[in-house]
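As provided, input04.csv (CSV, C-alpha atoms) reads as follows.
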```csv
chain,number,residue,atom,x,y,z
S,1,ILE,CA,17.2,29.1,-1.7
S,2,VAL,CA,13.4,29.3,-1.6
S,3,VAL,CA,11.9,30.3,1.7
S,4,VAL,CA,8.4,28.9,2.3
S,5,PRO,CA,6.4,30.6,5.0
S,6,MET,CA,5.5,28.5,8.0
S,7,PRO,CA,1.7,28.3,7.3
S,8,MET,CA,2.4,27.1,3.7
S,9,ARG,CA,4.9,24.5,5.0
S,10,MET,CA,2.3,23.2,7.5
S,11,LEU,CA,-0.3,23.0,4.7
S,12,LEU,CA,2.1,21.1,2.4
S,13,PHE,CA,3.0,18.7,5.2
S,14,GLY,CA,-0.6,18.1,6.0
S,15,LEU,CA,-1.4,17.4,2.4
S,16,CYS,CA,1.5,14.9,2.1
S,17,ILE,CA,0.3,13.1,5.3
S,18,SER,CA,-3.3,13.0,4.0
S,19,LEU,CA,-2.3,11.6,0.7
S,20,GLY,CA,-0.2,9.0,2.4
S,21,PHE,CA,-3.1,7.9,4.7
S,22,ALA,CA,-5.5,7.9,1.8
S,23,SER,CA,-3.5,5.4,-0.1
S,24,SER,CA,-2.6,3.2,2.9
S,25,GLY,CA,-3.5,-0.4,2.6
S,26,SER,CA,-4.2,0.1,-1.0
S,27,MET,CA,-2.5,-3.2,-2.1
S,28,SER,CA,-5.0,-5.0,0.1
S,29,PHE,CA,-8.0,-3.6,-1.8
S,30,GLU,CA,-6.2,-3.8,-5.2
S,31,HIS,CA,-5.6,-7.5,-4.5
S,32,LEU,CA,-9.2,-8.2,-3.8
S,33,ILE,CA,-10.6,-6.2,-6.7
S,34,ASP,CA,-8.2,-7.3,-9.4
S,35,PRO,CA,-10.0,-10.2,-11.2
S,36,GLN,CA,-6.7,-11.5,-12.6
S,37,GLN,CA,-5.2,-12.2,-9.1
S,38,ARG,CA,-6.2,-15.2,-7.0
S,39,VAL,CA,-7.7,-14.1,-3.7
S,40,LYS,CA,-5.4,-15.4,-0.9
S,41,THR,CA,-4.8,-14.5,2.7
S,42,TYR,CA,-2.4,-11.6,3.0
S,43,GLY,CA,-2.4,-11.2,-0.7
S,44,GLY,CA,-1.8,-7.4,-0.4
S,45,VAL,CA,1.3,-8.0,1.6
S,46,GLN,CA,2.5,-10.5,-1.0
S,47,SER,CA,1.8,-8.1,-3.8
S,48,SER,CA,3.8,-5.4,-2.1
S,49,VAL,CA,6.7,-7.6,-1.4
S,50,ASP,CA,6.7,-8.8,-5.0
S,51,TYR,CA,6.7,-5.2,-6.2
S,52,ILE,CA,9.5,-4.2,-3.8
S,53,ASN,CA,11.7,-7.2,-4.9
S,54,ASP,CA,11.1,-6.6,-8.6
S,55,PRO,CA,14.2,-4.9,-10.1
S,56,SER,CA,12.2,-3.3,-12.9
S,57,SER,CA,10.0,-1.4,-10.3
S,58,PRO,CA,10.9,2.3,-10.0
S,59,TRP,CA,12.8,3.2,-6.8
S,60,PHE,CA,10.2,5.7,-5.6
S,61,GLY,CA,7.4,3.1,-6.0
S,62,GLN,CA,9.4,0.6,-4.0
S,63,PHE,CA,9.9,3.2,-1.3
S,64,VAL,CA,6.2,4.1,-1.1
S,65,ARG,CA,5.2,0.4,-1.0
S,66,LEU,CA,7.8,-0.2,1.7
S,67,LEU,CA,6.3,2.7,3.8
S,68,ASP,CA,2.8,1.3,3.1
S,69,LEU,CA,3.7,-2.3,4.0
S,70,PRO,CA,2.8,-2.1,7.7
S,71,LEU,CA,-0.6,-0.5,6.9
S,72,THR,CA,-1.2,-3.1,4.2
S,73,THR,CA,-0.5,-5.8,6.8
S,74,VAL,CA,-3.0,-4.3,9.1
S,75,MET,CA,-5.6,-4.0,6.3
S,76,ASP,CA,-5.0,-7.6,5.2
S,77,THR,CA,-5.5,-8.8,8.8
S,78,LEU,CA,-8.8,-6.8,9.0
S,79,LEU,CA,-9.9,-8.4,5.7
S,80,LEU,CA,-9.2,-12.0,6.8
S,81,PRO,CA,-12.9,-12.6,7.3
S,82,VAL,CA,-13.4,-11.9,3.5
S,83,SER,CA,-10.2,-13.4,2.0
S,84,ALA,CA,-9.9,-16.6,4.2
S,85,PRO,CA,-13.3,-18.1,3.2
S,86,ILE,CA,-12.7,-17.4,-0.5
S,87,GLN,CA,-9.3,-19.1,-0.3
S,88,LEU,CA,-10.6,-22.1,1.7
S,89,SER,CA,-13.5,-22.6,-0.7
S,90,ARG,CA,-11.2,-23.3,-3.6
```

For this file, produce the structure as structure tokens.
Amino acid sequence: IVVVPMPMRMLLFGLCISLGFASSGSMSFEHLIDPQQRVKTYGGVQSSVDYINDPSSPWFGQFVRLLDLPLTTVMDTLLLPVSAPIQLSR
């Protein structure tokens, strides 16, 4: 058994939380930036759901996308003024 001192545990916990928030809503941005994807409303959410439902996706990636799904939903909602006009103009 490895005993990690409390300050080190707090630092590792903070690092994990920071990395989680740094990547939050990332599917929303990836969806808008990727030239091979059609821009659509809530495209980040749809990309996340497709990834989670893909049986060839690794379980850890599915887990991370599942945790990120609420934040991606919020980000897609905030990006509606960008994505909705693009979709409506097609």

Legend entry - Interatomic distance (Å, one decimal) between CA of Ile86 in chain S and CA of Thr41 in chain S: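 Between CA of Ile86 in chain S and CA of Thr41 in chain S the gap works out to 9.0 Å.
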
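If you look at CA of Gln36 in chain S and CA of Phe63 in chain S, they are 24.9 Å away from each other.
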
Legend entry - Shell around range 72-84 of chain S at 6 Å using only C-alpha atoms, local window under 4 positions removed, as an NGL selection string: :S and (25 or 28 or 40-42 or 45)

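If you look at CA of Gly43 in chain S and CA of Pro58 in chain S, they are 21.1 Å away from each other.
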